[in-house]
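This report refers to the structure that appears directly beneath it.
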Amino acid sequence: MCKAVAPEQITRKPAGRKGVILFQIENEYDYAGGSEEARTGQLNALYDEARGDGIDIPILTCWTHEIRQKSMPALRGTFDASNLYSGHDIAGAGGAVDALKKEQPDAPGMIAELQGGWFSQVGGRLSEDQPGIGPDQIRAITLECVARGATILSHYMLFGGTHFDDWGARGLTTTYDYNAPIREWGALQDKYREVWAVAHMLYKYGERLAVSDRVDQKVEENEPDTHFIVRRSPDGEHFVFMRNSSETESRVGMARVTVEDGRVLRVAYDLPPFGTDVVAMSPDATDSWKGLRICVPPAPPTRPEAPGSVRIASVSTRPDGAETAWRKRAPGESLEAALGRVTGLSLYREKVRLTREQIDRIEALSVKLLTPNECSLAVNGVKVPPAEGDGRRVEFDVKSALRVGDNEFVLLHEDAGRPNGGGGMEDLGGVEQAFLRPVLSGIPVTDWRVKTASRREAPGLAREGVDDTSWERVVLDDETVAALKAGGQDLKWPAAEILNGKLAGAVYRAAVEVTAEQIAAGMTTLIFDRIDDRGTIYVNGKLAGRHDQWDVPCELDVQRFLRPGRNLVAVYVVNTEGEGGLTRAVRLVEADVGIAVPFSQIGPLRGYEDRWWRPDLSSSGWRTEALDVSSEIARKGGVPPKGPDHDLATWYRAEFELPAIEPGVWIPWRVLVRASGNGEMFLNGHSIGRYWEVGPQREFFLPDCWLSFGKGKRNTLALCLRSTVSGAKVEALEVSPYPDSAEFRK
């Protein structure tokens, strides 16, 4: 990247030409953990690499105290920035700017991310519903930063966007609107008018503000909740920033502001709730009304009349039928390796020949995933229900669908993407392994004693001979596991939640009786369905293994530790967040893992969408379904309809026309969707992103560059939906202009 950026630096451009002015080498190390030595070494390496590859403009970091402390002589030429997400706590944001300037008095005051919103969460709420991010807030926090001496500001986000295709991070909606000043669909909202006002103020007065100093002052005769900051430029011009912190009441009055040279400035203010203003006063002026208000938003625009909505009356639909471009897949190969990318919906296929004797021993198909995701399964063309699923493991009740001879297994894998930050960003997706599991004829380990303990205490408490009769008791039977799955409701054994919500550790102890015949028959695999989050397992006082994947069962071969008779099993569990402990069943079972289902073929489910939107599509296999055309479709939330659940995935295809738009008029378009199932949507062959049944997003942006306008020009909207517990069903579709967004544009 350095080599690509280097020729674009402003230092390499002719005078007056644009170019790159700053180069950031990391982001938020203060939140990344790691030792001081490791972080310092990494920063030095990144700095040396950047300079060695031709970066000669200023280098910055963000939220990295090593840079502010100037603890590394080689990095003294860098400076650190802050990010501010303070909502209505404007004073708190100002304090962060003050701290930044105090810690780096010789550096620019840079706010790399100045709050303009926050993520929209799948199953949560949209950005526009989040408090503290309205037009008054973005104006207030930006002006406060300028008043406190910040000279580099970047709103995050200034322009909302869309996670087209399946590029959204895990848990994030298709919309990345952020309630930004420029909305996802390109419209300018009221927040934009406030940002416009600040930008035009800085365009005219920015150079003077950048070299101005904050003036010591004494404020008198002002009303409660009114705050003032005065800056003075080298030529004596005063800039008076005023703010009303009351969110419910206006403030009108006259304040006396005595500045450090003894001059008294009389400042008239008329501030609405949470209002702000800035006045520029000439060097000899003492009355603010003789100055100039310099941060005034423009008047709201006059908007053209938008056309009406288009309610779609019917869709063509058909099951997917596992028609895709199949590719070979090696056992355990990830989606990225097999398909060259992560794809939201993908298919796995395998044929397995079975005898009657084998079928009689099979209980379920057990699928282990590389990352926690959802799956559906069809056996011999019939969808089978999941028997259970937990994190990275899901099991399917396949017994009734199996037959003697060849059996075809088709697995639909829904990848929810990678986390937006932290652990798991680099994890690969897909199926790790799958096998037809025999009936687990095992010994349940249910009667446990538990006690909180430190890491130092744990080995001693896991030994044989320790009296644990005074410890708290937990019977980890089906009833307790069900209660834990339900969030701890009606929990008979409260100690089962001993680590819930605590960053702590606990030792669990239990006894299991095993005969010599059972050991000889191979009943030597100890299975913990869940250890949350990290576990160290001891058998008869000896270390048997460790496990650090809370969402994957722990399976240990403990044959060499077992003896006929009573055996002690002890587990030291450390919880790092949320619930913790032994929260699922534990049992000792036979070592036979069953019959492998390697899923040696893989293909993207979306392999046919590029042809299914075409007007000349054959009607073979498709049927028409009427849609609801009368009831309102919610923009967000709402209960999804109940649909059929007999197919892995279902395609829906709708056609619509849009009117021609007059020259000079710009109209952004959306589609409102009421449907059950999870999947992906396509507009004229282009992916417009993921659809999540749980919402809250029901409104999706349709880029006008992908639309056709005018009579006789058809548009096609296609959806591929994986059947969930609510099935898969498109109940209503509406294409319409975004409200209050049409504009006159040249």
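Residues are referred to by chain and number: the chain letter is A, B, ... according to the order shown in the structure tokens, the number counts from 1 in that chain, and ligands are numbered separately from 1 in the order shown.
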
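Excluding Asp270 (chain A) itself and any same-chain residue fewer than 4 positions from it, the protein and nucleic acid residues within 9 Å of it, counting only C-alpha atoms, are Ser250, Arg251, Val252, Gly253, Met254, Gly275 and Asp277 of chain A.
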
Could those selected residues go to a file with all heavy atoms, as an mmCIF file, in the first residue's frame?
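Writing the result to again-v7.cif gives the following:
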```
data_model
loop_
_atom_site.group_PDB
_atom_site.id
_atom_site.type_symbol
_atom_site.label_atom_id
_atom_site.label_comp_id
_atom_site.auth_asym_id
_atom_site.auth_seq_id
_atom_site.Cartn_x
_atom_site.Cartn_y
_atom_site.Cartn_z
ATOM 1 N N SER A 250 -35.355 26.600 25.715
ATOM 2 C CA SER A 250 -34.541 27.610 25.033
ATOM 3 C C SER A 250 -33.862 28.497 26.070
ATOM 4 O O SER A 250 -34.290 28.586 27.227
ATOM 5 C CB SER A 250 -35.418 28.459 24.114
ATOM 6 O OG SER A 250 -36.025 27.664 23.120
ATOM 7 N N ARG A 251 -32.841 29.189 25.641
ATOM 8 C CA ARG A 251 -32.143 30.138 26.503
ATOM 9 C C ARG A 251 -31.926 31.428 25.719
ATOM 10 O O ARG A 251 -31.343 31.417 24.626
ATOM 11 C CB ARG A 251 -30.793 29.575 26.957
ATOM 12 C CG ARG A 251 -30.907 28.369 27.899
ATOM 13 C CD ARG A 251 -31.436 28.769 29.253
ATOM 14 N NE ARG A 251 -31.478 27.674 30.197
ATOM 15 C CZ ARG A 251 -32.564 27.042 30.563
ATOM 16 N NH1 ARG A 251 -33.743 27.401 30.023
ATOM 17 N NH2 ARG A 251 -32.508 26.056 31.442
ATOM 18 N N VAL A 252 -32.397 32.546 26.280
ATOM 19 C CA VAL A 252 -32.278 33.863 25.654
ATOM 20 C C VAL A 252 -31.748 34.824 26.706
ATOM 21 O O VAL A 252 -32.241 34.853 27.842
ATOM 22 C CB VAL A 252 -33.641 34.368 25.125
ATOM 23 C CG1 VAL A 252 -33.478 35.735 24.469
ATOM 24 C CG2 VAL A 252 -34.247 33.367 24.152
ATOM 25 N N GLY A 253 -30.752 35.613 26.356
ATOM 26 C CA GLY A 253 -30.232 36.561 27.340
ATOM 27 C C GLY A 253 -28.995 37.275 26.851
ATOM 28 O O GLY A 253 -28.649 37.262 25.665
ATOM 29 N N MET A 254 -28.307 37.921 27.809
ATOM 30 C CA MET A 254 -27.083 38.681 27.542
ATOM 31 C C MET A 254 -26.053 38.281 28.588
ATOM 32 O O MET A 254 -26.298 38.382 29.783
ATOM 33 C CB MET A 254 -27.362 40.177 27.641
ATOM 34 C CG MET A 254 -26.118 41.040 27.451
ATOM 35 S SD MET A 254 -25.760 41.328 25.724
ATOM 36 C CE MET A 254 -27.133 42.431 25.331
ATOM 37 N N GLY A 275 -29.167 24.140 21.367
ATOM 38 C CA GLY A 275 -28.727 24.963 20.249
ATOM 39 C C GLY A 275 -27.319 25.493 20.436
ATOM 40 O O GLY A 275 -26.804 25.605 21.552
ATOM 41 N N ASP A 277 -24.251 28.401 18.527
ATOM 42 C CA ASP A 277 -24.036 29.503 17.600
ATOM 43 C C ASP A 277 -22.588 29.955 17.703
ATOM 44 O O ASP A 277 -21.885 29.654 18.690
ATOM 45 C CB ASP A 277 -24.975 30.672 17.914
ATOM 46 C CG ASP A 277 -25.325 31.487 16.678
ATOM 47 O OD1 ASP A 277 -24.686 31.264 15.629
ATOM 48 O OD2 ASP A 277 -26.222 32.342 16.757
#
```

Any chance you could list, as a ChimeraX atom specification, the residues in region 365-580 of chain A that come up strand (DSSP E or B) when DSSP is run on the backbone? /A:365-369,374-379,382-384,386-390,393-396,405-414,431-438,443-444,447-452,472-475,505-514,523-528,531-532,534-539,542-547,554-557,565-574

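Restricting the calculation to only C-alpha atoms, the smallest distance between Ser314 (chain A) and any of A:Arg745, A:Ser726, A:Asp647, A:Leu627 is found for A:Leu627.
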
Pick from A:Leu568, A:Ala197, A:Ile111, A:Val639: nearest to Ala299 (chain A), with only C-alpha atoms counted?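 Residue with the minimum atom-to-atom distance to Ala299 (chain A): A:Ala197.
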
From region 4-225 of chain A, collect each residue whose DSSP state is helix (DSSP H, G or I) and return the set as an mmCIF file with C-alpha atoms, in the first residue's frame.
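Output (selection37.cif):
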```
data_model
loop_
_atom_site.group_PDB
_atom_site.id
_atom_site.type_symbol
_atom_site.label_atom_id
_atom_site.label_comp_id
_atom_site.auth_asym_id
_atom_site.auth_seq_id
_atom_site.Cartn_x
_atom_site.Cartn_y
_atom_site.Cartn_z
ATOM 1 C CA ALA A 4 0.785 2.727 -4.201
ATOM 2 C CA VAL A 5 0.189 5.768 -1.983
ATOM 3 C CA ALA A 6 3.668 7.289 -2.225
ATOM 4 C CA PRO A 7 3.308 8.863 -5.716
ATOM 5 C CA GLU A 8 -0.103 10.294 -4.714
ATOM 6 C CA ILE A 10 0.902 16.032 -1.913
ATOM 7 C CA THR A 11 4.674 16.266 -1.572
ATOM 8 C CA ARG A 12 4.955 14.647 -5.019
ATOM 9 C CA TYR A 29 -4.236 0.118 19.760
ATOM 10 C CA ASP A 30 -5.518 1.232 23.182
ATOM 11 C CA TYR A 31 -8.422 -1.189 22.661
ATOM 12 C CA GLU A 36 3.438 -2.831 25.759
ATOM 13 C CA GLU A 37 6.556 -4.407 24.272
ATOM 14 C CA ALA A 38 4.630 -6.041 21.420
ATOM 15 C CA ARG A 39 2.682 -2.881 20.607
ATOM 16 C CA THR A 40 5.792 -0.710 20.684
ATOM 17 C CA GLY A 41 7.645 -3.134 18.430
ATOM 18 C CA GLN A 42 4.769 -3.235 15.978
ATOM 19 C CA LEU A 43 4.486 0.552 15.842
ATOM 20 C CA ASN A 44 8.210 0.939 15.198
ATOM 21 C CA ALA A 45 8.068 -1.694 12.459
ATOM 22 C CA LEU A 46 5.088 -0.065 10.758
ATOM 23 C CA TYR A 47 6.691 3.374 10.960
ATOM 24 C CA ASP A 48 10.033 2.165 9.543
ATOM 25 C CA GLU A 49 8.254 0.287 6.747
ATOM 26 C CA ALA A 50 6.188 3.321 5.765
ATOM 27 C CA ARG A 51 9.179 5.662 5.719
ATOM 28 C CA GLY A 52 11.267 3.063 3.900
ATOM 29 C CA HIS A 65 -1.065 6.239 24.158
ATOM 30 C CA GLU A 66 2.497 5.223 23.233
ATOM 31 C CA ILE A 67 2.478 7.978 20.613
ATOM 32 C CA ARG A 68 1.074 10.611 22.971
ATOM 33 C CA PRO A 73 12.190 8.430 20.039
ATOM 34 C CA ALA A 74 11.932 7.009 16.524
ATOM 35 C CA LEU A 75 8.243 7.956 16.424
ATOM 36 C CA ILE A 90 -20.873 17.580 24.431
ATOM 37 C CA ALA A 91 -18.856 18.648 27.482
ATOM 38 C CA GLY A 92 -17.349 15.148 27.639
ATOM 39 C CA ALA A 93 -16.363 15.389 23.988
ATOM 40 C CA GLY A 94 -14.787 18.766 24.639
ATOM 41 C CA GLY A 95 -12.827 17.303 27.546
ATOM 42 C CA ALA A 96 -11.442 14.617 25.247
ATOM 43 C CA VAL A 97 -10.220 17.321 22.839
ATOM 44 C CA ASP A 98 -8.631 19.201 25.746
ATOM 45 C CA ALA A 99 -6.819 16.033 26.854
ATOM 46 C CA LEU A 100 -5.622 15.390 23.309
ATOM 47 C CA LYS A 101 -4.221 18.931 23.026
ATOM 48 C CA LYS A 102 -2.633 18.786 26.482
ATOM 49 C CA GLU A 103 -0.900 15.491 25.765
ATOM 50 C CA SER A 127 -29.146 3.926 13.011
ATOM 51 C CA GLU A 128 -31.962 6.440 12.666
ATOM 52 C CA ASP A 129 -33.539 5.109 15.880
ATOM 53 C CA PRO A 135 -28.936 17.620 13.438
ATOM 54 C CA ASP A 136 -28.500 19.638 16.646
ATOM 55 C CA GLN A 137 -26.034 17.097 18.026
ATOM 56 C CA ILE A 138 -23.771 16.927 14.975
ATOM 57 C CA ARG A 139 -23.650 20.727 14.904
ATOM 58 C CA ALA A 140 -22.947 20.960 18.634
ATOM 59 C CA ILE A 141 -20.204 18.339 18.797
ATOM 60 C CA THR A 142 -18.437 19.675 15.691
ATOM 61 C CA LEU A 143 -18.464 23.282 16.900
ATOM 62 C CA GLU A 144 -17.299 22.181 20.357
ATOM 63 C CA CYS A 145 -14.302 20.425 18.819
ATOM 64 C CA VAL A 146 -13.406 23.525 16.808
ATOM 65 C CA ALA A 147 -13.863 25.733 19.877
ATOM 66 C CA ASP A 190 -31.328 18.303 7.843
ATOM 67 C CA LYS A 191 -28.046 17.082 9.346
ATOM 68 C CA TYR A 192 -26.385 17.896 6.027
ATOM 69 C CA ARG A 193 -27.503 21.532 6.288
ATOM 70 C CA GLU A 194 -25.777 21.772 9.681
ATOM 71 C CA VAL A 195 -22.575 20.154 8.400
ATOM 72 C CA TRP A 196 -22.753 22.448 5.362
ATOM 73 C CA ALA A 197 -22.887 25.451 7.716
ATOM 74 C CA VAL A 198 -19.798 24.343 9.641
ATOM 75 C CA ALA A 199 -17.922 23.528 6.426
ATOM 76 C CA HIS A 200 -18.658 26.942 4.918
ATOM 77 C CA MET A 201 -17.634 28.622 8.171
ATOM 78 C CA LEU A 202 -14.307 26.816 8.039
ATOM 79 C CA TYR A 203 -13.879 27.570 4.342
ATOM 80 C CA LYS A 204 -13.997 31.277 5.155
ATOM 81 C CA TYR A 205 -12.555 31.445 8.671
ATOM 82 C CA GLY A 206 -10.622 28.180 8.970
ATOM 83 C CA GLU A 207 -7.125 29.646 8.609
ATOM 84 C CA ARG A 208 -7.784 32.237 11.314
ATOM 85 C CA LEU A 209 -9.378 29.663 13.622
ATOM 86 C CA ALA A 210 -6.486 27.237 13.124
#
```

How many Å lie between CA of Gly160 (chain A) and CA of Gln130 (chain A), rounded to one decimal? 14.9 Å

Tell me, in Å to one decimal, how far CA of Ile25 (chain A) is from CA of Cys62 (chain A).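 Computing it gives 8.9 Å between the two atoms.
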
Find the residues around region 230-236 of chain A up to 6 Å (only C-alpha atoms counted), leave out those fewer than 3 positions away in its own chain, and share them as a list in words.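 Answer for this query is Arg208, Ser212, Asp213, Arg214, Val215, Phe239, Val240 and Pro283 of chain A.
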